[in-house]
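Enquirer: Provided below: target31.tsv, containing TSV, C-alpha atoms.
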chain	number	residue	atom	x	y	z
A	258	MET	CA	-9.67	46.50	-139.55
A	259	THR	CA	-6.16	47.07	-140.91
A	260	LEU	CA	-4.66	43.98	-142.49
A	261	CYS	CA	-1.01	43.06	-142.15
A	262	ASP	CA	0.98	44.03	-145.23
A	263	TRP	CA	3.72	41.40	-145.27
A	264	PRO	CA	5.90	42.97	-148.01
A	265	SER	CA	5.92	46.29	-146.13
A	266	HIS	CA	6.73	44.51	-142.87
A	267	LEU	CA	9.73	42.76	-144.45
A	268	ALA	CA	10.89	45.99	-146.09
A	269	GLU	CA	10.77	47.89	-142.79
A	270	ARG	CA	12.82	45.23	-141.01
A	271	ALA	CA	15.38	45.23	-143.84
A	272	GLN	CA	15.65	49.03	-143.87
A	273	ALA	CA	16.25	49.18	-140.12
A	274	CYS	CA	18.86	46.46	-140.33
A	275	ARG	CA	20.72	48.14	-143.19
A	276	ALA	CA	20.60	51.54	-141.48
A	277	GLY	CA	22.45	50.10	-138.49
A	278	ASN	CA	25.14	48.38	-140.61
A	279	LEU	CA	23.71	45.06	-139.43
A	280	TRP	CA	22.73	43.57	-142.81
A	281	ARG	CA	24.44	40.23	-143.38
A	282	HIS	CA	25.85	38.90	-146.63
A	283	ARG	CA	26.77	35.41	-147.70
A	284	ASN	CA	30.12	34.90	-149.38
A	285	THR	CA	30.18	32.03	-151.85
A	286	ARG	CA	33.49	30.24	-151.48
A	287	GLN	CA	34.73	28.36	-154.53
A	288	PRO	CA	36.91	25.22	-154.21
A	289	THR	CA	39.64	27.03	-156.16
A	290	SER	CA	39.60	30.10	-153.89
A	291	ARG	CA	43.03	31.32	-152.87
A	292	ARG	CA	41.70	33.52	-150.09
A	293	ARG	CA	43.26	32.77	-146.72
A	294	ASP	CA	40.53	31.56	-144.37
A	295	PHE	CA	40.72	33.02	-140.87
A	296	ALA	CA	36.93	32.90	-140.39
A	297	GLY	CA	36.05	29.20	-140.26
A	298	ASN	CA	36.14	26.71	-137.40
A	299	ASP	CA	38.30	24.01	-139.03
A	300	TYR	CA	40.70	24.18	-136.10
A	301	LEU	CA	42.71	21.04	-136.87
A	302	GLY	CA	42.61	21.39	-140.65
A	303	LEU	CA	40.75	18.10	-141.05
A	304	SER	CA	37.94	19.22	-143.36
A	305	ARG	CA	40.20	19.03	-146.43
A	306	ASP	CA	42.09	15.92	-145.40
A	307	PRO	CA	41.81	13.34	-148.23
A	308	ARG	CA	41.48	10.51	-145.72
A	309	LEU	CA	38.20	11.95	-144.47
A	310	ALA	CA	36.97	12.39	-148.04
A	311	GLU	CA	37.77	8.78	-148.82
A	312	ALA	CA	36.06	7.57	-145.63
A	313	MET	CA	32.99	9.62	-146.56
A	314	ALA	CA	32.92	8.13	-150.05
A	315	LYS	CA	33.27	4.59	-148.72
A	316	GLY	CA	30.49	5.21	-146.20
A	317	ALA	CA	28.22	6.34	-149.03
A	318	ARG	CA	29.15	3.31	-151.12
A	319	ASP	CA	28.49	0.93	-148.23
A	320	TYR	CA	25.26	2.43	-146.89
A	321	GLY	CA	23.97	4.86	-149.54
A	322	THR	CA	24.17	8.63	-149.68
A	323	GLY	CA	21.39	9.11	-147.12
A	324	ALA	CA	20.13	7.30	-144.03
A	325	ARG	CA	16.62	7.21	-145.56
A	326	ALA	CA	14.73	7.56	-142.26
A	327	SER	CA	14.93	8.79	-138.68
A	328	HIS	CA	16.93	6.89	-136.09
A	329	LEU	CA	13.76	5.49	-134.52
A	330	VAL	CA	12.33	4.14	-137.78
A	331	ASN	CA	15.17	2.39	-139.62
A	332	GLY	CA	17.77	5.12	-140.13
A	333	HIS	CA	20.06	4.13	-137.26
A	334	LEU	CA	22.90	2.39	-139.06
A	335	ALA	CA	25.89	0.42	-137.80
A	336	VAL	CA	28.17	3.34	-138.67
A	337	HIS	CA	26.07	5.63	-136.44
A	338	GLU	CA	26.27	3.15	-133.58
A	339	ALA	CA	30.05	2.86	-133.98
A	340	LEU	CA	30.42	6.66	-133.96
A	341	GLU	CA	28.30	7.05	-130.83
A	342	GLN	CA	30.45	4.48	-129.03
A	343	ARG	CA	33.67	6.24	-130.05
A	344	LEU	CA	32.35	9.64	-128.93
A	345	ALA	CA	31.31	8.20	-125.57
A	346	GLU	CA	34.79	6.73	-125.19
A	347	LEU	CA	36.50	10.01	-126.13
A	348	THR	CA	34.51	12.02	-123.58
A	349	GLY	CA	34.61	9.40	-120.83
A	350	ARG	CA	30.83	8.92	-120.76
A	351	PRO	CA	28.72	5.74	-120.76
A	352	ARG	CA	26.70	6.76	-123.83
A	353	ALA	CA	26.49	9.31	-126.61
A	354	LEU	CA	23.67	10.25	-128.99
A	355	LEU	CA	24.05	11.74	-132.47
A	356	PHE	CA	22.16	14.81	-133.66
A	357	SER	CA	22.16	16.32	-137.13
A	358	THR	CA	23.45	19.74	-135.98
A	359	GLY	CA	24.69	21.38	-132.81
A	360	TYR	CA	21.70	23.71	-132.81
A	361	MET	CA	19.36	20.70	-132.87
A	362	ALA	CA	21.31	19.01	-130.08
A	363	ASN	CA	20.94	21.99	-127.75
A	364	LEU	CA	17.27	22.48	-128.61
A	365	GLY	CA	16.66	18.77	-128.13
A	366	VAL	CA	18.32	18.57	-124.72
A	367	LEU	CA	16.63	21.65	-123.30
A	368	GLN	CA	13.22	20.76	-124.70
A	369	ALA	CA	13.48	17.20	-123.37
A	370	LEU	CA	14.77	18.12	-119.89
A	371	CYS	CA	12.86	21.33	-119.19
A	372	ASP	CA	9.28	22.47	-118.79
A	373	PRO	CA	7.59	25.49	-117.14
A	374	ARG	CA	8.53	24.13	-113.68
A	375	THR	CA	12.23	24.07	-114.52
A	376	ARG	CA	14.58	26.90	-113.59
A	377	VAL	CA	17.40	27.41	-116.11
A	378	PHE	CA	20.50	29.51	-115.36
A	379	GLN	CA	22.60	30.53	-118.35
A	380	ASP	CA	25.85	32.41	-118.82
A	381	ARG	CA	25.06	35.78	-120.35
A	382	LEU	CA	27.25	35.04	-123.39
A	383	ASN	CA	25.88	31.58	-124.18
A	384	HIS	CA	25.28	30.56	-127.78
A	385	ALA	CA	21.94	31.45	-129.35
A	386	SER	CA	20.92	27.79	-129.59
A	387	LEU	CA	21.09	27.45	-125.79
A	388	LEU	CA	19.05	30.59	-125.25
A	389	ASP	CA	16.49	29.54	-127.86
A	390	GLY	CA	16.25	26.01	-126.45
A	391	ALA	CA	15.39	27.28	-122.97
A	392	ARG	CA	12.89	29.75	-124.40
A	393	LEU	CA	11.13	27.09	-126.48
A	394	SER	CA	10.97	24.71	-123.52
A	395	GLY	CA	8.88	27.19	-121.53
A	396	ALA	CA	11.31	27.07	-118.62
A	397	VAL	CA	11.90	30.08	-116.38
A	398	SER	CA	15.34	31.39	-117.37
A	399	ARG	CA	17.85	33.67	-115.66
A	400	ARG	CA	21.20	34.76	-117.05
A	401	PHE	CA	24.22	35.19	-114.79
A	402	HIS	CA	27.17	37.48	-115.44
A	403	HIS	CA	29.78	36.04	-117.76
A	404	ARG	CA	31.99	33.46	-116.02
A	405	ASP	CA	30.77	34.74	-112.65
A	406	THR	CA	30.02	31.84	-110.32
A	407	ALA	CA	29.29	34.23	-107.44
A	408	ASP	CA	26.43	35.72	-109.45
A	409	LEU	CA	25.23	32.23	-110.33
A	410	GLU	CA	25.34	31.32	-106.63
A	411	ARG	CA	23.13	34.29	-105.76
A	412	LEU	CA	20.58	33.36	-108.41
A	413	LEU	CA	20.47	29.74	-107.28
A	414	GLU	CA	20.06	30.74	-103.64
A	415	ARG	CA	16.98	32.78	-104.56
A	416	SER	CA	15.37	30.04	-106.66
A	417	PRO	CA	12.91	27.55	-105.15
A	418	ALA	CA	14.65	24.27	-104.37
A	419	ARG	CA	11.48	22.28	-105.10
A	420	HIS	CA	11.88	22.96	-108.83
A	421	PRO	CA	14.36	21.15	-111.11
A	422	ARG	CA	17.34	23.44	-111.80
A	423	LEU	CA	19.72	23.35	-114.75
A	424	VAL	CA	22.90	25.42	-115.13
A	425	VAL	CA	23.96	25.87	-118.75
A	426	SER	CA	27.18	27.25	-120.22
A	427	ASP	CA	29.31	27.20	-123.32
A	428	GLY	CA	32.60	25.43	-122.76
A	429	VAL	CA	34.57	27.74	-125.06
A	430	PHE	CA	32.63	30.91	-125.82
A	431	SER	CA	32.27	31.18	-129.57
A	432	MET	CA	32.66	34.95	-129.92
A	433	ASP	CA	35.23	35.60	-127.17
A	434	GLY	CA	37.29	32.41	-127.15
A	435	ASP	CA	37.58	32.26	-123.36
A	436	VAL	CA	36.87	29.05	-121.44
A	437	ALA	CA	34.19	28.51	-118.83
A	438	ASP	CA	35.17	27.84	-115.22
A	439	ILE	CA	34.04	24.23	-115.32
A	440	SER	CA	35.24	23.43	-111.80
A	441	GLY	CA	33.46	26.46	-110.34
A	442	LEU	CA	30.25	25.80	-112.26
A	443	ALA	CA	30.23	22.14	-111.25
A	444	ALA	CA	30.80	22.89	-107.57
A	445	THR	CA	28.15	25.61	-107.52
A	446	ALA	CA	25.59	23.46	-109.30
A	447	ARG	CA	26.16	20.51	-106.97
A	448	ARG	CA	25.74	22.66	-103.86
A	449	HIS	CA	22.24	23.44	-105.07
A	450	ALA	CA	21.34	19.99	-106.42
A	451	ALA	CA	21.29	21.41	-109.94
A	452	TRP	CA	22.47	19.67	-113.08
A	453	LEU	CA	25.21	21.24	-115.23
A	454	MET	CA	25.07	21.25	-119.04
A	455	ILE	CA	28.16	22.26	-121.03
A	456	ASP	CA	28.19	22.87	-124.78
A	457	ASP	CA	31.81	22.19	-125.71
A	458	ALA	CA	31.41	22.82	-129.43
A	459	HIS	CA	34.62	24.84	-129.74
A	460	GLY	CA	36.69	22.91	-127.19
A	461	LEU	CA	36.32	19.38	-128.53
A	462	GLY	CA	39.37	18.36	-130.52
A	463	VAL	CA	41.33	21.43	-129.39
A	464	LEU	CA	41.56	21.29	-125.60
A	465	GLY	CA	42.22	18.41	-123.22
A	466	GLU	CA	45.01	15.88	-123.07
A	467	ARG	CA	43.44	13.74	-125.82
A	468	GLY	CA	41.53	16.48	-127.60
A	469	ASP	CA	38.52	15.57	-125.47
A	470	GLY	CA	37.70	19.22	-124.80
A	471	CYS	CA	37.44	21.39	-121.72
A	472	VAL	CA	35.23	18.78	-120.01
A	473	GLY	CA	35.94	15.34	-121.46
A	474	ARG	CA	37.58	12.88	-119.12
A	475	ALA	CA	38.61	15.60	-116.68
A	476	TYR	CA	35.04	15.87	-115.34
A	477	GLY	CA	32.75	12.88	-114.84
A	478	ILE	CA	28.99	12.70	-115.23
A	479	ASP	CA	28.50	13.55	-111.54
A	480	GLU	CA	30.13	16.94	-112.19
A	481	VAL	CA	28.89	17.56	-115.74
A	482	PRO	CA	25.83	15.37	-116.33
A	483	VAL	CA	25.08	16.81	-119.79
A	484	LEU	CA	27.86	17.31	-122.34
A	485	VAL	CA	27.25	18.52	-125.90
A	486	GLY	CA	29.87	18.42	-128.64
A	487	THR	CA	29.96	19.08	-132.36
A	488	LEU	CA	31.63	17.32	-135.26
A	489	GLY	CA	31.65	20.24	-137.71
A	490	LYS	CA	34.43	22.28	-136.16
A	491	ALA	CA	37.73	20.71	-135.06
A	492	LEU	CA	36.71	17.29	-136.41
A	493	GLY	CA	36.01	18.72	-139.85
A	494	THR	CA	32.72	16.95	-140.69
A	495	ALA	CA	29.15	17.77	-139.61
A	496	GLY	CA	26.63	17.00	-136.89
A	497	ALA	CA	26.71	16.91	-133.11
A	498	PHE	CA	26.23	14.66	-130.11
A	499	VAL	CA	25.16	14.60	-126.50
A	500	ALA	CA	27.14	12.46	-124.06
A	501	GLY	CA	26.07	11.40	-120.60
A	502	SER	CA	24.57	8.65	-118.51
A	503	GLU	CA	22.50	5.74	-119.77
A	504	ALA	CA	19.41	7.34	-118.24
A	505	LEU	CA	20.05	10.70	-119.94
A	506	ILE	CA	20.56	9.21	-123.39
A	507	GLU	CA	17.47	7.01	-123.13
A	508	HIS	CA	15.47	10.02	-121.99
A	509	LEU	CA	16.62	12.00	-125.05
A	510	ILE	CA	15.80	9.12	-127.40
A	511	GLN	CA	12.26	9.09	-126.04
A	512	PHE	CA	11.58	12.81	-125.60
A	513	ALA	CA	13.95	14.98	-127.70
A	514	ARG	CA	11.79	16.03	-130.63
A	515	PRO	CA	14.70	17.30	-132.80
A	516	TYR	CA	16.13	13.77	-132.53
A	517	THR	CA	12.89	11.88	-133.08
A	518	TYR	CA	11.47	13.81	-136.01
A	519	THR	CA	14.37	14.18	-138.43
A	520	THR	CA	16.26	11.95	-140.84
A	521	ALA	CA	19.45	10.48	-139.39
A	522	GLN	CA	22.85	11.86	-140.34
A	523	PRO	CA	24.11	10.74	-143.78
A	524	PRO	CA	26.24	7.62	-143.28
A	525	GLY	CA	29.15	9.06	-145.22
A	526	VAL	CA	29.37	11.91	-142.71
A	527	ALA	CA	29.41	9.43	-139.81
A	528	ALA	CA	32.14	7.41	-141.52
A	529	ALA	CA	34.23	10.56	-142.06
A	530	SER	CA	33.75	11.46	-138.39
A	531	LEU	CA	35.12	8.08	-137.36
A	532	ALA	CA	38.17	8.73	-139.53
A	533	ALA	CA	38.55	12.17	-137.91
A	534	LEU	CA	38.55	10.57	-134.46
A	535	ASP	CA	41.32	8.23	-135.63
A	536	LEU	CA	43.43	11.20	-136.73
A	537	LEU	CA	42.68	13.07	-133.52
A	538	ALA	CA	44.24	10.18	-131.60
A	539	GLU	CA	47.07	9.43	-134.01
A	540	GLU	CA	48.24	12.95	-134.85
A	541	PRO	CA	48.53	15.04	-131.65
A	542	GLU	CA	50.98	17.25	-133.53
A	543	ARG	CA	47.97	18.98	-135.10
A	544	ARG	CA	46.96	20.34	-131.69
A	545	GLU	CA	50.58	21.21	-130.90
A	546	ARG	CA	50.88	23.15	-134.16
A	547	LEU	CA	47.60	24.96	-133.49
A	548	HIS	CA	48.62	26.10	-130.02
A	549	ALA	CA	52.00	27.27	-131.31
A	550	LEU	CA	50.21	29.42	-133.90
A	551	ILE	CA	47.90	30.85	-131.23
A	552	ALA	CA	50.86	31.88	-129.08
A	553	ARG	CA	52.66	33.41	-132.05
A	554	PHE	CA	49.59	35.36	-133.16
A	555	ARG	CA	48.94	36.76	-129.70
A	556	THR	CA	52.55	37.89	-129.33
A	557	ALA	CA	52.43	39.68	-132.69
A	558	ALA	CA	49.00	41.22	-132.11
A	559	ASP	CA	50.04	42.46	-128.68
A	560	ARG	CA	53.14	44.03	-130.21
A	561	LEU	CA	50.84	45.87	-132.66
A	562	GLY	CA	48.70	47.11	-129.78
A	563	LEU	CA	45.57	45.42	-131.06
A	564	PRO	CA	42.63	45.08	-128.62
A	565	LEU	CA	42.71	41.34	-127.90
A	566	VAL	CA	40.63	39.50	-125.31
A	567	ALA	CA	41.92	36.91	-122.86
A	568	SER	CA	41.69	33.84	-125.09
A	569	THR	CA	44.12	30.93	-125.39
A	570	THR	CA	41.91	29.07	-127.90
A	571	PRO	CA	41.83	29.32	-131.72
A	572	ILE	CA	39.16	32.06	-131.43
A	573	GLN	CA	41.05	35.35	-131.28
A	574	PRO	CA	38.68	38.35	-131.45
A	575	ILE	CA	39.84	41.89	-132.04
A	576	VAL	CA	37.18	44.09	-130.45
A	577	LEU	CA	36.87	47.34	-132.44
A	578	GLY	CA	33.63	48.57	-130.91
A	579	ASP	CA	31.50	50.07	-133.66
A	580	ASN	CA	30.01	48.41	-136.73
A	581	THR	CA	31.45	50.82	-139.30
A	582	THR	CA	35.02	50.32	-138.16
A	583	THR	CA	34.63	46.56	-137.98
A	584	LEU	CA	33.22	46.34	-141.50
A	585	ALA	CA	35.95	48.62	-142.82
A	586	TRP	CA	38.73	46.49	-141.34
A	587	ALA	CA	37.12	43.28	-142.65
A	588	SER	CA	36.85	44.85	-146.11
A	589	ARG	CA	40.51	45.89	-146.12
A	590	LEU	CA	41.56	42.41	-145.09
A	591	ALA	CA	39.39	40.90	-147.85
A	592	GLU	CA	41.12	43.13	-150.40
A	593	ARG	CA	44.38	41.52	-149.28
A	594	GLY	CA	42.97	38.03	-149.72
A	595	ILE	CA	42.19	37.38	-146.04
A	596	GLN	CA	38.75	36.41	-144.81
A	597	VAL	CA	37.72	37.05	-141.20
A	598	GLY	CA	34.35	37.28	-139.49
A	599	ALA	CA	32.89	40.78	-138.95
A	600	ILE	CA	30.68	40.16	-135.93
A	601	ARG	CA	28.07	42.70	-134.83
A	602	GLU	CA	24.94	42.79	-132.71
A	603	PRO	CA	22.81	40.83	-132.01
A	604	THR	CA	25.54	38.15	-132.07
A	605	VAL	CA	27.61	40.25	-129.64
A	606	PRO	CA	26.46	43.09	-127.37
A	607	ARG	CA	26.04	46.57	-128.82
A	608	GLY	CA	29.33	48.46	-128.84
A	609	LYS	CA	31.34	45.21	-128.90
A	610	ALA	CA	31.61	44.66	-132.67
A	611	ARG	CA	34.71	42.71	-133.54
A	612	LEU	CA	36.81	40.85	-136.03
A	613	ARG	CA	36.49	37.18	-135.15
A	614	ILE	CA	39.80	35.67	-136.19
A	615	THR	CA	40.15	31.92	-136.00
A	616	LEU	CA	43.36	29.93	-136.33
A	617	SER	CA	43.86	26.45	-137.74
A	618	ALA	CA	46.62	23.87	-137.70
A	619	ALA	CA	46.36	24.02	-141.50
A	620	HIS	CA	47.64	27.61	-141.58
A	621	ALA	CA	51.19	27.91	-142.86
A	622	ASP	CA	53.65	30.35	-141.35
A	623	ASP	CA	53.29	32.66	-144.34
A	624	ASP	CA	49.50	32.66	-143.86
A	625	LEU	CA	49.95	34.00	-140.35
A	626	ASP	CA	52.58	36.50	-141.54
A	627	ALA	CA	50.14	37.79	-144.17
A	628	LEU	CA	47.40	38.19	-141.55
A	629	ILE	CA	49.64	40.08	-139.15
A	630	ASP	CA	50.97	42.37	-141.89
A	631	ALA	CA	47.42	43.10	-143.08
A	632	LEU	CA	46.25	43.87	-139.55
A	633	ALA	CA	49.16	46.27	-139.13
A	634	GLU	CA	48.04	48.05	-142.31
A	635	CYS	CA	44.49	48.26	-140.99
A	636	ARG	CA	45.75	49.72	-137.73
A	637	ASP	CA	47.86	52.31	-139.51
A	638	THR	CA	45.06	53.29	-141.90
A	639	HIS	CA	42.64	53.59	-139.01
A	640	ALA	CA	45.08	55.70	-136.96
A	641	ALA	CA	45.47	58.07	-139.90
A	642	THR	CA	41.77	58.97	-139.59
A	643	GLY	CA	42.42	60.27	-136.07
A	644	GLU	CA	40.47	57.50	-134.32
A	645	ASP	CA	41.78	54.98	-131.81
A	646	ALA	CA	40.67	51.38	-132.39
A	647	THR	CA	42.15	50.17	-129.13
A	648	THR	CA	39.68	51.99	-126.86
Could you express the structure from this file as structure tokens?
Expert:
Amino acid sequence: MTLCDWPSHLAERAQACRAGNLWRHRNTRQPTSRRRDFAGNDYLGLSRDPRLAEAMAKGARDYGTGARASHLVNGHLAVHEALEQRLAELTGRPRALLFSTGYMANLGVLQALCDPRTRVFQDRLNHASLLDGARLSGAVSRRFHHRDTADLERLLERSPARHPRLVVSDGVFSMDGDVADISGLAATARRHAAWLMIDDAHGLGVLGERGDGCVGRAYGIDEVPVLVGTLGKALGTAGAFVAGSEALIEHLIQFARPYTYTTAQPPGVAAASLAALDLLAEEPERRERLHALIARFRTAADRLGLPLVASTTPIQPIVLGDNTTTLAWASRLAERGIQVGAIREPTVPRGKARLRITLSAAHADDDLDALIDALAECRDTHAATGEDATT
């Protein structure tokens, strides 16, 4: 019998990944770095706000640096309870429940709600955590065409009505920046007695009249029974939450294993998140500044003939197609002190490699000018090779 040779197995996987220009590298960012960050998700520029840092320090002084236990033992602190109440209020839901990460929140919801009898219908471009959560739950999953409620309708019509059905979608799609058709999804789901789950990780803080996201108070729990949001993007801290009905939150407390079997969020992080929610309410000019930058970037990129997608959010991808070109553009930008994401398969479909450019209210006008000038140089250098990046 041939035994598994683990070192050889790892080496083969690595070689295949490198051969396809798919090997990933971590960049260590120093606090003194002068590189312009167009890769992160700090959409409102709150992560470096000194008021959040002070709130985090005070939370640690008051409660300790760690929660010391899970929420169901003795790790659920008053600062956690206050944050859950504020998040429920922001999103117009009766209750909210904290999770340590957005990935854990999605896994927890899908594992707690679904089993092999459940039928799950997911947008084809959903985040990996949603796809993994459904897979781990054992539910039968189908994926509908991106933002295509007619395709979703066909899949629901063919599914047995006697089984619980859950429709799942990103709110803002993390690699494309476009926004789900919440009204269409909600109407389609209700026609088939299905629940709708929206992960609004990239919409919270950015979209909505109060920064309550693409769902928030615009859609009640009858339309969107399960709402997931994160704290580590526009709010500048860390962690995530699920908002919904009293029955949903109690169900998750009892049955969501990623909630039950992990230490609660550090209290300093919860305190900083409360401060971020204060600033979200008190400083709407951050969102106004962000949307002005988005409009200005799109105008300039369109003038350069860059291959943009239809996004009005801070996520502004430039789809270059192949991995080699994408890595080359990202490298040229890095040489000019600009960091962007070079996104390849399996994160995006094959042939859809892209620069994932993200904008922040913290960007100055000269930051955006530098980005646009550098992209123009990349375009010109690429054109000189005889290739066309816009196809």
Enquirer: Can you tell me which residues surround A:Pro564 at a distance of at most 12 Å, considering all atoms listed in the file, apart from same-chain residues fewer than 6 positions away, and format the answer as a list in words?
Expert: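 Once the nearby chain positions are removed, what remains is Arg555, Ala557, Ala558, Gln573, Pro574, Ile575, Val576, Leu577, Gly578, Lys609, Ala610, Arg611, Leu612, Arg613, Leu632, Arg636, Asp645, Ala646, Thr647 and Thr648 of chain A.
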Enquirer: Applying 7 Å and only C-alpha atoms, which residues near A:Tyr300 remain after dropping the ones on its own chain fewer than 3 positions away? List them as a ChimeraX atom specification.
Expert: /A:490-491,571,616-618
Enquirer: Counting all atoms listed in the file, which residue out of A:Thr348, A:Ser416, A:Thr570, A:Thr638 sits closest to A:Gly468?
Expert: A:Thr348
Enquirer: Which residue gives the smallest distance to A:Ala528 among A:Glu311, A:Asp262, A:Glu410, A:Asp457, with only C-alpha atoms counted?
Expert: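 Selected residue with least distance to A:Ala528: A:Glu311.
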Enquirer: As a count of residues only, please: the residues near A:Ser530 (cut-off 8 Å, only C-alpha atoms, same-chain neighbours under 4 positions excluded).
Expert: 9
Enquirer: Counting all atoms listed in the file, what is within 12 Å of A:Gly332, bar same-chain residues fewer than 6 positions away, as a PyMOL selection string?
Expert: chain A and resi 320-321+323-326+338+355+516-524
Enquirer: Identify which of the residues A:Ser290, A:Ala532, A:Gly473, A:His449 lies closest to A:Arg308, counting only C-alpha atoms when measuring atom-to-atom distances.
Expert: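 The answer is A:Ala532, which sits nearest to A:Arg308.
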Enquirer: Kindly indicate which residue among A:Val463, A:Leu412, A:Ala407, A:Ile439 lies nearest to A:Glu545, using all atoms listed in the file for the distances.
Expert: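 Using all atoms listed in the file, the shortest distance to A:Glu545 belongs to A:Val463.
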Enquirer: Pick out the closest residue to A:Gly477 from this set: A:Ala345, A:Cys371, A:Leu267, A:Ala437. Count all atoms listed in the file.
Expert: A:Ala345
Enquirer: Using only C-alpha atoms, which residues sit within 12 Å of A:Trp452 once same-chain residues fewer than 5 positions away are excluded, as a ChimeraX atom specification?
Expert: /A:367,370-371,375-378,413,420-426,442-447,478-484,501,505
Enquirer: Could you check how far atom CA of A:Arg350 sits from atom CA of A:Arg474, in Å to one decimal?
Expert: 8.0 Å
Enquirer: Interatomic distance between atom CA of A:Ala567 and atom CA of A:Val472?
Expert: 19.5 Å
Enquirer: Using only C-alpha atoms, which of A:Ala627, A:Ala268, A:Met432, A:Ile600 sits nearest A:His282?
Expert: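 Among A:Ala627, A:Ala268, A:Met432, A:Ile600, it is A:Ile600 that comes nearest to A:His282.
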Enquirer: Could you give me, as JSON lines, every stretch 509-616 of chain A residue with an atom at most 12 Å from stretch 388-404 of chain A, plus its closest atom pair and distance in Å to one decimal, counting only C-alpha atoms, rows ordered by chain then number?
Expert:
{"residue": "A:Ala513", "atom": "CA", "partner": "A:Ser394", "partner_atom": "CA", "distance": 11.0}
{"residue": "A:Arg514", "atom": "CA", "partner": "A:Ser394", "partner_atom": "CA", "distance": 11.3}
{"residue": "A:Pro515", "atom": "CA", "partner": "A:Gly390", "partner_atom": "CA", "distance": 10.9}
Enquirer: Just the number, please: distance in Å from atom CA of A:Ala312 to atom CA of A:Ala529, one decimal.
Expert: 5.0 Å
